[in-house]
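The block underneath contains the structure these notes are about, expressed in structure tokens.
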Amino acid sequence: MAEKTGLSKKTKKIILGTCIGGVVVLVAGLFTYIHIADTNTLGRKISIYGVDVSRQTAEEAEQTILDAFRSRKVKFKENGDDVYDTTLSALGYDLDEAALKTELEELQTTREANRKLFARQEDYQIDYQTVRDEEQEKTALQESNFGSKDREASIDAAIQYDKDKKEFILIEDKQGNQIDEGKLLTYVDQTMEDNFRLKLLGGDIQVTLDENVYRQPSVTASDEMKTKAADLNAELDKYRSTTVTYTFGNETQVVDSETVESWLQISDDGIAVDQDAVKTYVQDLATKYNTIYVPRTFHTSYGNDVTVSDNEYGFQIDQDGELKQLLTDLSSGEAVTRDPVYSIGAMQRNGTDDLAGSYIEVSLDNQHLWLYKDGALVTETDIVSGAPKAGRETYRGAWPIAYKASPYNLSSQEYGYNVKVDYWMPFVYGQGLHDASWQSSFGGNRYKSGAGSHGCINLPKDQAALIYNTIDGGYPIIIY
């Protein structure tokens with residue numbers, strides 16, 4: 001009879017009981033583990049913004065998230081090169097710990113209420129609040145931190161005068177790469193905010209330095225500036241094409257383009273005329289061509305020179321009026337020919353000669369008169385002048401004939417006379433040329449006796465008529 005093999009029923013029961021017990025223990029352990037993991041921590045298979053916080057308490061997860069945020073790298077690039085590396089923490093950025101902790105605790109409570117036996121991986125995006133230390137950020141973003149290379153300042157658009165080209169040119173604005181720390185601060189803040197919305201934790205943050213953070217030119221080229229440059233060049237051309245020719249009879253003095261150029265004060269802002277230089281020119285013009293109120297040296301008919309100090313005949317340039325007119329002429333762009341602006345004028349002139357061959361000459365010592373017109377002698381005659389006594393002498397000097405009158409009554413309460421003359425030609429202080437029918441003769445020393453006048457120059461009637469009909473008011477008379 002064959003021998004029986006295999007396990008006894010009792011043994012099988014023992015083995016089965018052991019297996020069942022083991023399974024029960026495992027299941028119990030698993031449930032215990034799940035309970036502990038889901039009750040005291042955020043749970044299994046959980047990440048927040050990509051950072052694994054499985055089986056971490058709210059406090060532990062808070063620290064994990066803070067560490068990940070603070071250590072997140074920020075890389076600054078410029079022209080493709082790394083110029084500065086830092087972290088969010090070094091930039092002064094952080095997360096509000098109290099707000100973060102509250103969010104994590106609420107998440108833990110929510111997950112506990114929805115505990116699952118078999119967990120699957122979940123990533124959460126919870127609310128957060130960032131905080132920023134502005135002073136620390138300003139320190140971290142100082143321009144000196146972004147490489148040691150020399151940075152170029154932006155160039156403003158400007159109108160400049162080019163001395164070589166002798167014209168105004170428009171300099172275009174040019175972007176430099178000097179960092180505007182205020183703009184950089186704003187740009188970095190915006191970049192961080194945009195980046196946080198996309199990915200709060202993990203990965204480097206890249207900030208590109210470009211025109212967004214550079215100091216911009218404060219003035220950019222515009223059509224208005226182009227127009228201004230063109231207008232300045234047009235104004236400059238006018239000055240350079242202007243000449244002023246002063247006429248003094250047949251003589252002229254020219255303010256040429258070279259002189260005008262020397263008076264221009266050209267700057268990048270515009271064109272001005274050096275008024276002090278122009279004023280000096282007008283003063284010199286007056287010094288040279290003024291002939292009144294200065295001692296007058298006169299070449300007599302006797303061939304010698306005499307000088308009279310009382311000189312009230314001639315030309316005087318109105319320096320203020322001439323300065324104003326010359327400044328107007330300079331900007332006209334024209335070739336101007338004119339007389340100077342006079343405050344006092346005379347009959348005619350040729351350069352500094354304001355007689356130009358037309359004058360009356362009287363020698364008191366020789367009691368003689370000459371009349372010249374256009375360089376030719378018209379007549380000459382003996383005269384009787386004022387008696388050489390105080391109050392009766394004929395004034396020596398140069399004057400214009402004030403006017404002519406025919407006939408005319410001469411009277412004086414002081415000297416008690418009232419006589420009619422046919423030809424009256426006054427020159428100064430009540431003295432004048434006139435016919436004198438009461439004189440028996442003319443010339444010699446009669447004027448030193450009782451025949452002398454009260455200052456007037458007595459003439460034979462025919463000579464008085466000739467002179468009267470030859471001259472007009474303003475005719476010069478020189479008495480010496």
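Going by the structure tokens order, chains are called A, B, ..., each with residues numbered from 1, while ligands are numbered from 1 in the order shown.
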**Report entry** Residue contacts of segment 68-74 of chain A (12 Å, only C-alpha atoms) excluding same-chain residues fewer than 2 positions away, as a PyMOL selection string
**Finding:** chain A and resi 48-53+61-66+76-77+82-97+100+128+130-132+140-141+188+191-192+195-196+199-208
Query raised in the report: Which polymer residues have any atom within 9 Å of an atom of Arg392 of chain A, counting only C-alpha atoms, with same-chain residues fewer than 4 positions away left out, as number ranges by chain?
Result: A: 386-388, 452-456
Using C-alpha atoms, can you write the selected residues to a file as a short mmCIF file (atom, residue, chain, number, x, y, z; two decimals), in the first residue's frame?
```cif
data_model
loop_
_atom_site.label_atom_id
_atom_site.label_comp_id
_atom_site.auth_asym_id
_atom_site.auth_seq_id
_atom_site.Cartn_x
_atom_site.Cartn_y
_atom_site.Cartn_z
CA GLY A 386 30.76 194.75 -36.13
CA ALA A 387 32.70 197.30 -34.17
CA PRO A 388 35.45 195.69 -32.06
CA GLY A 452 31.14 199.57 -37.30
CA SER A 453 27.90 197.57 -37.09
CA HIS A 454 26.28 195.88 -34.11
CA GLY A 455 27.65 192.54 -35.34
CA CYS A 456 26.09 192.22 -38.80
#
```
**Report entry** Shell around Ser437 of chain A at 12 Å using only C-alpha atoms, local window under 6 positions removed, as a PyMOL selection string
**Finding:** chain A and resi 384+419-423+458-464
Would you list the contacts of Glu258 of chain A as a PDB file with N, CA and C atoms, in the first residue's frame, taking every protein, DNA or RNA residue within 12 Å and counting only C-alpha atoms, but skipping same-chain residues closer than 5 positions in sequence?
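Output saved as result-v7.pdb:
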```pdb
ATOM      1  N   TYR A 239      22.780 137.521 -43.964  1.00  0.00           N
ATOM      2  CA  TYR A 239      23.852 138.342 -43.373  1.00  0.00           C
ATOM      3  C   TYR A 239      25.072 138.365 -44.285  1.00  0.00           C
ATOM      4  N   ARG A 240      25.436 137.208 -44.819  1.00  0.00           N
ATOM      5  CA  ARG A 240      26.661 137.116 -45.627  1.00  0.00           C
ATOM      6  C   ARG A 240      26.535 137.796 -46.980  1.00  0.00           C
ATOM      7  N   SER A 241      25.315 137.990 -47.447  1.00  0.00           N
ATOM      8  CA  SER A 241      25.132 138.629 -48.744  1.00  0.00           C
ATOM      9  C   SER A 241      24.848 140.118 -48.614  1.00  0.00           C
ATOM     10  N   THR A 242      24.810 140.616 -47.371  1.00  0.00           N
ATOM     11  CA  THR A 242      24.518 142.034 -47.145  1.00  0.00           C
ATOM     12  C   THR A 242      25.786 142.871 -47.226  1.00  0.00           C
ATOM     13  N   THR A 243      25.687 144.011 -47.898  1.00  0.00           N
ATOM     14  CA  THR A 243      26.712 145.048 -47.835  1.00  0.00           C
ATOM     15  C   THR A 243      26.007 146.373 -47.616  1.00  0.00           C
ATOM     16  N   VAL A 244      26.674 147.264 -46.918  1.00  0.00           N
ATOM     17  CA  VAL A 244      26.137 148.609 -46.706  1.00  0.00           C
ATOM     18  C   VAL A 244      27.189 149.596 -47.177  1.00  0.00           C
ATOM     19  N   TRP A 263      31.097 140.445 -37.321  1.00  0.00           N
ATOM     20  CA  TRP A 263      30.159 140.913 -36.300  1.00  0.00           C
ATOM     21  C   TRP A 263      29.182 139.840 -35.859  1.00  0.00           C
ATOM     22  N   LEU A 264      29.149 138.739 -36.561  1.00  0.00           N
ATOM     23  CA  LEU A 264      28.170 137.708 -36.236  1.00  0.00           C
ATOM     24  C   LEU A 264      28.634 136.869 -35.047  1.00  0.00           C
TER      25      LEU A 264
END
```
Report task. Excluding segment 105-111 of chain A and residues on its chain fewer than 2 positions from it, collect all residues at most 9 Å away from it, counting only C-alpha atoms, and give them as a PyMOL selection string. Result -> chain A and resi 38-43+57-59+100-103+113-116+126
Limited to C-alpha atoms, could you put the picked residues into a file as a PDB file, in the first residue's frame?
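Done, and the output landed in part.pdb:
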```pdb
ATOM      1  CA  ASP A  38      -2.962  62.759   5.106  1.00  0.00           C
ATOM      2  CA  THR A  39      -3.767  63.945   8.585  1.00  0.00           C
ATOM      3  CA  ASN A  40      -0.544  65.566   9.779  1.00  0.00           C
ATOM      4  CA  THR A  41       0.861  66.741   6.414  1.00  0.00           C
ATOM      5  CA  LEU A  42      -0.268  68.151   3.106  1.00  0.00           C
ATOM      6  CA  GLY A  43      -0.506  64.581   1.938  1.00  0.00           C
ATOM      7  CA  THR A  57       3.526  69.833   7.235  1.00  0.00           C
ATOM      8  CA  ALA A  58       2.252  73.296   6.447  1.00  0.00           C
ATOM      9  CA  GLU A  59       5.238  74.770   8.307  1.00  0.00           C
ATOM     10  CA  LEU A 100       1.619  81.799   2.687  1.00  0.00           C
ATOM     11  CA  LYS A 101       1.145  79.873   5.908  1.00  0.00           C
ATOM     12  CA  THR A 102      -2.589  80.593   5.907  1.00  0.00           C
ATOM     13  CA  GLU A 103      -2.935  79.334   2.344  1.00  0.00           C
ATOM     14  CA  ALA A 113     -11.498  66.436   3.938  1.00  0.00           C
ATOM     15  CA  ASN A 114     -11.025  64.827   0.558  1.00  0.00           C
ATOM     16  CA  ARG A 115      -8.659  62.036   1.575  1.00  0.00           C
ATOM     17  CA  LYS A 116      -8.287  59.279  -1.047  1.00  0.00           C
ATOM     18  CA  ILE A 126      -2.180  78.790  -4.301  1.00  0.00           C
TER      19      ILE A 126
END
```
Report task. Going by DSSP on the backbone, which bits of segment 157-244 of chain A are strand (DSSP E or B)? Write them as a list in words, please. Result ->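 Reading the DSSP output for segment 157-244 of chain A, strand (DSSP E or B) covers Ala158, Ile159, Gln160, Tyr161, Asp162, Glu167, Phe168, Ile169, Leu170, Ile171, Lys174, Ile179, Ile205, Gln206, Val207, Thr208, Leu209, Tyr214, Thr243 and Val244 of chain A.
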Report task. Taking the DSSP assignment computed from this structure's backbone, write out as an MDAnalysis selection string all residues of segment 110-296 of chain A that belong to helix (DSSP H, G or I). Result -> chainID A and resid 110:113 134:140 143:145 181:198 223:241 257:263 275:289
Requested in this report: Quick one: pull the distance between atom CA of Val308 of chain A and atom CA of Arg296 of chain A, Å, one decimal.
Outcome: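 Computed distance, atom CA of Val308 of chain A to atom CA of Arg296 of chain A, equals 5.3 Å.
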Query raised in the report: Near segment 160-170 of chain A, within 8 Å and counting only C-alpha atoms, which residues show up once chain neighbours fewer than 4 positions away are dropped, as a VMD selection string?
Result: chain A and resid 221 225 to 226 229 to 230 232 to 233 236 266 to 269
